[in-house]
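Coordinates from upload_31.tsv are shown below (TSV, C-alpha atoms).
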```
chain	number	residue	atom	x	y	z
A	1	MET	CA	117.02	151.11	162.64
A	2	GLY	CA	113.54	152.11	163.67
A	3	TRP	CA	110.36	150.16	163.42
A	4	ASN	CA	108.09	151.32	160.74
A	5	LEU	CA	104.81	149.96	159.48
A	6	SER	CA	106.39	147.93	156.70
A	7	ASN	CA	108.74	146.10	159.14
A	8	LYS	CA	105.83	145.23	161.44
A	9	ARG	CA	103.81	143.93	158.50
A	10	TYR	CA	106.80	141.85	157.35
A	11	LEU	CA	107.28	140.33	160.82
A	12	CYS	CA	103.59	139.58	161.18
A	13	ILE	CA	103.41	137.88	157.77
A	14	ARG	CA	106.63	135.98	158.51
A	15	PHE	CA	105.21	134.75	161.87
A	16	VAL	CA	101.95	133.59	160.26
A	17	ILE	CA	103.77	131.79	157.45
A	18	THR	CA	106.25	130.13	159.83
A	19	HIS	CA	103.52	129.19	162.30
A	20	THR	CA	101.34	127.69	159.53
A	21	TYR	CA	104.24	125.69	158.10
A	22	MET	CA	105.21	124.40	161.54
A	23	ARG	CA	101.65	123.25	162.18
A	24	ARG	CA	101.62	121.47	158.83
A	25	ILE	CA	104.98	119.82	159.49
A	26	ILE	CA	103.90	118.65	162.95
A	27	PHE	CA	100.62	117.37	161.51
A	28	LEU	CA	102.43	115.47	158.73
A	29	ILE	CA	104.86	113.92	161.22
A	30	PHE	CA	101.94	112.84	163.40
A	31	ILE	CA	100.02	111.32	160.44
A	32	THR	CA	103.17	109.53	159.22
A	33	PHE	CA	103.80	108.10	162.70
A	34	CYS	CA	100.19	106.89	162.98
A	35	ALA	CA	100.33	105.28	159.54
A	36	VAL	CA	103.76	103.65	159.85
A	37	PHE	CA	103.74	102.49	163.49
A	38	PRO	CA	101.06	99.77	163.08
A	39	ALA	CA	103.02	98.30	160.16
A	40	PHE	CA	105.87	97.46	162.55
A	41	SER	CA	103.72	95.84	165.18
A	42	GLN	CA	103.25	92.08	165.17
A	43	ASN	CA	100.57	89.88	166.57
A	44	PRO	CA	102.01	89.37	170.07
A	45	ASP	CA	100.81	85.79	170.30
A	46	PRO	CA	99.80	84.00	167.10
A	47	ILE	CA	98.64	81.00	169.16
A	48	ARG	CA	96.13	81.57	171.96
A	49	TRP	CA	94.85	78.92	174.36
A	50	GLN	CA	91.46	78.38	175.94
A	51	VAL	CA	90.97	75.72	178.62
A	52	THR	CA	87.47	74.51	179.50
A	53	VAL	CA	85.95	71.68	181.52
A	54	LYS	CA	82.89	69.80	180.29
A	55	MET	CA	81.15	67.47	182.73
A	56	THR	CA	79.72	64.38	180.99
A	57	SER	CA	78.08	62.96	184.13
A	58	ALA	CA	77.85	63.77	187.84
A	59	THR	CA	81.43	62.61	188.48
A	60	GLU	CA	83.10	62.39	185.07
A	61	GLY	CA	84.18	64.99	182.58
A	62	THR	CA	86.58	66.09	179.88
A	63	ALA	CA	89.23	68.78	179.98
A	64	VAL	CA	89.42	70.61	176.64
A	65	PHE	CA	92.55	72.53	175.63
A	66	LYS	CA	91.81	74.55	172.50
A	67	ALA	CA	94.55	76.31	170.52
A	68	ARG	CA	93.40	79.20	168.34
A	69	ILE	CA	95.98	79.55	165.58
A	70	THR	CA	96.36	82.73	163.54
A	71	PRO	CA	96.09	82.01	159.77
A	72	GLY	CA	99.53	81.45	158.26
A	73	TRP	CA	100.96	80.08	161.53
A	74	HIS	CA	101.23	76.52	162.81
A	75	LEU	CA	101.47	74.83	166.21
A	76	TYR	CA	104.05	72.07	166.52
A	77	GLY	CA	103.02	68.50	167.31
A	78	LEU	CA	103.14	66.59	170.59
A	79	LYS	CA	106.15	64.47	169.57
A	80	LEU	CA	109.06	65.93	167.57
A	81	PRO	CA	112.60	64.78	166.74
A	82	GLN	CA	115.65	66.20	168.53
A	83	GLY	CA	117.36	69.24	167.04
A	84	GLY	CA	114.21	71.03	165.99
A	85	PRO	CA	111.50	73.17	167.50
A	86	LYS	CA	109.93	72.51	170.89
A	87	ALA	CA	107.04	70.06	170.93
A	88	THR	CA	103.68	71.07	172.40
A	89	VAL	CA	103.35	69.76	175.96
A	90	ILE	CA	100.12	69.95	177.97
A	91	ASP	CA	101.01	69.12	181.56
A	92	ALA	CA	98.03	68.87	183.92
A	93	SER	CA	99.96	67.29	186.80
A	94	ALA	CA	99.05	70.17	189.15
A	95	SER	CA	95.39	69.07	189.01
A	96	THR	CA	93.75	68.02	192.30
A	97	GLY	CA	90.68	66.03	193.25
A	98	ILE	CA	90.55	64.15	189.94
A	99	LYS	CA	92.05	61.11	188.27
A	100	PHE	CA	92.76	61.26	184.54
A	101	ARG	CA	91.56	58.41	182.33
A	102	GLY	CA	93.48	57.70	179.18
A	103	GLU	CA	95.86	59.87	177.23
A	104	LEU	CA	95.56	63.35	175.79
A	105	LYS	CA	93.87	63.13	172.37
A	106	ALA	CA	93.80	65.69	169.55
A	107	ASP	CA	90.57	66.18	167.60
A	108	ARG	CA	92.46	65.41	164.38
A	109	GLN	CA	95.86	64.15	163.29
A	110	PRO	CA	98.61	66.73	162.71
A	111	LEU	CA	100.04	67.38	159.25
A	112	LYS	CA	103.33	65.64	158.52
A	113	VAL	CA	105.65	68.08	156.76
A	114	HIS	CA	109.34	68.40	155.91
A	115	ASP	CA	110.34	71.73	157.43
A	116	SER	CA	113.16	73.37	155.45
A	117	MET	CA	113.89	75.81	158.29
A	118	PHE	CA	114.93	72.92	160.57
A	119	ASP	CA	115.60	70.35	157.78
A	120	LEU	CA	113.51	67.82	159.70
A	121	ASP	CA	110.27	65.91	159.19
A	122	LEU	CA	107.86	67.49	161.68
A	123	THR	CA	104.21	67.40	162.66
A	124	TRP	CA	102.01	70.42	163.17
A	125	TRP	CA	98.49	71.83	163.08
A	126	ASP	CA	97.87	74.83	160.81
A	127	ALA	CA	94.35	75.62	162.02
A	128	ASP	CA	92.53	75.67	165.36
A	129	ILE	CA	92.87	72.38	167.23
A	130	ALA	CA	91.39	70.99	170.45
A	131	PHE	CA	92.98	68.41	172.75
A	132	ARG	CA	90.82	66.41	175.16
A	133	ARG	CA	91.48	64.31	178.24
A	134	SER	CA	88.83	62.49	180.27
A	135	PHE	CA	88.83	62.46	184.06
A	136	LYS	CA	86.89	61.18	187.08
A	137	VAL	CA	86.29	63.38	190.12
A	138	THR	CA	87.71	61.79	193.29
A	139	ASP	CA	87.40	64.75	195.69
A	140	PRO	CA	84.59	67.16	194.70
A	141	ALA	CA	85.59	69.83	197.23
A	142	ASN	CA	89.11	70.18	195.75
A	143	ALA	CA	88.49	69.21	192.12
A	144	ARG	CA	90.38	71.41	189.66
A	145	ILE	CA	92.30	71.11	186.42
A	146	ALA	CA	95.63	72.93	186.68
A	147	GLY	CA	98.97	72.89	184.94
A	148	THR	CA	101.03	74.38	182.13
A	149	ILE	CA	100.96	74.37	178.34
A	150	ASN	CA	104.37	74.71	176.67
A	151	TYR	CA	104.26	75.40	172.95
A	152	MET	CA	105.94	76.99	169.96
A	153	GLY	CA	104.63	78.23	166.64
A	154	CYS	CA	106.07	79.34	163.32
A	155	ASN	CA	105.01	80.77	160.00
A	156	ASP	CA	106.91	80.77	156.69
A	157	GLN	CA	109.23	83.56	157.81
A	158	THR	CA	109.76	83.37	161.56
A	159	CYS	CA	109.13	81.42	164.75
A	160	SER	CA	107.81	82.66	168.04
A	161	PRO	CA	110.04	81.76	170.99
A	162	PRO	CA	108.85	78.81	173.08
A	163	LYS	CA	106.06	79.99	175.37
A	164	SER	CA	104.39	78.74	178.50
A	165	GLN	CA	100.83	79.33	179.68
A	166	THR	CA	99.43	78.22	183.01
A	167	PHE	CA	95.82	77.22	183.57
A	168	ASP	CA	93.69	76.56	186.64
A	169	LYS	CA	89.98	75.70	186.32
A	170	LYS	CA	87.74	74.75	189.20
A	171	ILE	CA	85.49	71.79	188.43
A	172	THR	CA	81.84	72.34	189.24
A	173	LEU	CA	79.77	69.15	189.46
A	174	LYS	CA	76.40	68.83	187.79
```

As structure tokens, the full file:
Amino acid sequence: MGWNLSNKRYLCIRFVITHTYMRRIIFLIFITFCAVFPAFSQNPDPIRWQVTVKMTSATEGTAVFKARITPGWHLYGLKLPQGGPKATVIDASASTGIKFRGELKADRQPLKVHDSMFDLDLTWWDADIAFRRSFKVTDPANARIAGTINYMGCNDQTCSPPKSQTFDKKITLK
């Protein structure tokens, strides 16, 4: 069968139509992927920590551990019953050149709630919370606040696995 003008025209039209449809299909797949992919992503860490040091005098200060809690999530309390989620623990035992005064104190009391997921009475904070601990500098050259924060958070549908965050802040005297 020979090539005549009508066959060439048919092949050319067929190529243009196929090429146009393929571009449209690829474009639609790309747009669908871009629209659907973010729906499956989650906030990687619904609780974020910020550690700061505030000097109140030349040799005394306060370590501030602030938890920023995503709306709809909660951070578990410092003391929880056995068989439930992990309690929040702020361990600053790796600190050097300072002596802590008093216990760790939260800016406000946690909520007391019966959690149906664990079937336990628990405590938690459902909004940003700061914990403070006073200290006195004993060795200015080596003064630093260091340690680990262990915590766990949940919302109404799921819990994040227990997490650990280290901190290390050099103390600068006034």

task: With a distance cut-off of 12 Å and all atoms listed in the file, select the neighbouring residues of region 147-162 of chain A, excluding the residue or stretch itself and same-chain residues fewer than 6 positions from it, and output the selection as an MDAnalysis selection string.
output: chainID A and resid 42:51 63 65:80 84:96 115:118 123:127 131 168:169

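Between CA of Val64 (chain A) and CA of Leu104 (chain A) lies a distance of 9.5 Å.
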
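Counting all atoms listed in the file, the residue from A:Thr62, A:Ser164, A:Leu122, A:Gly83 that sits nearest to Glu103 (chain A) is A:Thr62.
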
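Between CA of Phe135 (chain A) and CA of Thr172 (chain A) lies a distance of 13.2 Å.
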
field: Spatial neighbours of Asp139 (chain A), max dist 12 Å, all atoms listed in the file, sep filter under 2 positions, as a list in words
entry: Thr59, Glu60, Ser95, Thr96, Gly97, Ile98, Lys99, Phe135, Lys136, Val137, Ala141, Asn142, Ala143, Arg144, Lys170, Ile171, Thr172 and Leu173 of chain A

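Atom pair CA of Thr52 (chain A) / CA of Ala146 (chain A) has a distance of 11.0 Å (rounded to one decimal).
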
Could you add whatever atoms are missing so that region 73-84 of chain A carries all heavy atoms, then write the result as a CSV table (one decimal), keeping the file's coordinate frame?
```csv
chain,number,residue,atom,x,y,z
A,73,TRP,N,100.1,80.6,160.5
A,73,TRP,CA,101.0,80.1,161.5
A,73,TRP,C,100.6,78.6,161.8
A,73,TRP,O,99.6,78.1,161.3
A,73,TRP,CB,100.7,80.8,162.8
A,73,TRP,CG,101.4,82.2,162.8
A,73,TRP,CD1,100.9,83.3,162.2
A,73,TRP,CD2,102.7,82.5,163.4
A,73,TRP,NE1,101.8,84.3,162.4
A,73,TRP,CE2,102.9,83.9,163.1
A,73,TRP,CE3,103.6,81.8,164.1
A,73,TRP,CZ2,104.0,84.6,163.5
A,73,TRP,CZ3,104.7,82.5,164.6
A,73,TRP,CH2,104.9,83.8,164.3
A,74,HIS,N,101.5,77.9,162.4
A,74,HIS,CA,101.2,76.5,162.8
A,74,HIS,C,101.8,76.2,164.2
A,74,HIS,O,102.7,76.9,164.7
A,74,HIS,CB,101.8,75.5,161.8
A,74,HIS,CG,103.2,75.7,161.5
A,74,HIS,ND1,103.7,76.4,160.4
A,74,HIS,CD2,104.3,75.2,162.1
A,74,HIS,CE1,105.0,76.4,160.3
A,74,HIS,NE2,105.4,75.7,161.4
A,75,LEU,N,101.1,75.3,164.9
A,75,LEU,CA,101.5,74.8,166.2
A,75,LEU,C,102.1,73.5,166.1
A,75,LEU,O,101.6,72.6,165.4
A,75,LEU,CB,100.2,74.7,167.1
A,75,LEU,CG,100.4,74.0,168.4
A,75,LEU,CD1,101.2,74.9,169.4
A,75,LEU,CD2,99.0,73.7,169.0
A,76,TYR,N,103.3,73.3,166.7
A,76,TYR,CA,104.0,72.1,166.5
A,76,TYR,C,103.4,70.9,167.3
A,76,TYR,O,102.7,71.1,168.3
A,76,TYR,CB,105.5,72.2,167.0
A,76,TYR,CG,106.3,73.0,165.9
A,76,TYR,CD1,106.6,74.3,166.1
A,76,TYR,CD2,106.6,72.4,164.7
A,76,TYR,CE1,107.3,75.0,165.1
A,76,TYR,CE2,107.3,73.1,163.7
A,76,TYR,CZ,107.6,74.4,163.9
A,76,TYR,OH,108.3,75.1,163.0
A,77,GLY,N,103.6,69.7,166.8
A,77,GLY,CA,103.0,68.5,167.3
A,77,GLY,C,103.5,68.1,168.7
A,77,GLY,O,104.3,68.8,169.3
A,78,LEU,N,102.9,67.0,169.2
A,78,LEU,CA,103.1,66.6,170.6
A,78,LEU,C,104.5,65.8,170.7
A,78,LEU,O,105.0,65.7,171.8
A,78,LEU,CB,102.0,65.7,171.1
A,78,LEU,CG,100.6,66.4,171.1
A,78,LEU,CD1,99.5,65.4,171.5
A,78,LEU,CD2,100.6,67.6,172.1
A,79,LYS,N,104.9,65.2,169.6
A,79,LYS,CA,106.2,64.5,169.6
A,79,LYS,C,107.0,64.9,168.4
A,79,LYS,O,106.5,64.8,167.2
A,79,LYS,CB,105.9,63.0,169.5
A,79,LYS,CG,105.2,62.4,170.7
A,79,LYS,CD,104.9,61.0,170.6
A,79,LYS,CE,104.1,60.5,171.8
A,79,LYS,NZ,103.6,59.2,171.7
A,80,LEU,N,108.2,65.4,168.6
A,80,LEU,CA,109.1,65.9,167.6
A,80,LEU,C,110.5,65.4,167.7
A,80,LEU,O,110.9,65.1,168.9
A,80,LEU,CB,109.1,67.5,167.6
A,80,LEU,CG,107.8,68.2,167.4
A,80,LEU,CD1,108.0,69.7,167.5
A,80,LEU,CD2,107.3,67.9,166.0
A,81,PRO,N,111.2,65.3,166.6
A,81,PRO,CA,112.6,64.8,166.7
A,81,PRO,C,113.5,65.8,167.4
A,81,PRO,O,113.2,67.0,167.4
A,81,PRO,CB,113.0,64.6,165.3
A,81,PRO,CG,112.1,65.5,164.5
A,81,PRO,CD,110.8,65.6,165.3
A,82,GLN,N,114.6,65.3,167.9
A,82,GLN,CA,115.6,66.2,168.5
A,82,GLN,C,116.2,67.1,167.5
A,82,GLN,O,116.3,66.8,166.3
A,82,GLN,CB,116.8,65.4,169.1
A,82,GLN,CG,116.3,64.5,170.3
A,82,GLN,CD,116.0,65.4,171.5
A,82,GLN,OE1,116.6,66.4,171.8
A,82,GLN,NE2,115.0,65.0,172.3
A,83,GLY,N,116.7,68.3,167.9
A,83,GLY,CA,117.4,69.2,167.0
A,83,GLY,C,116.4,70.2,166.3
A,83,GLY,O,116.9,71.0,165.5
A,84,GLY,N,115.2,70.2,166.7
A,84,GLY,CA,114.2,71.0,166.0
A,84,GLY,C,113.5,71.9,167.0
A,84,GLY,O,114.0,72.2,168.1
```
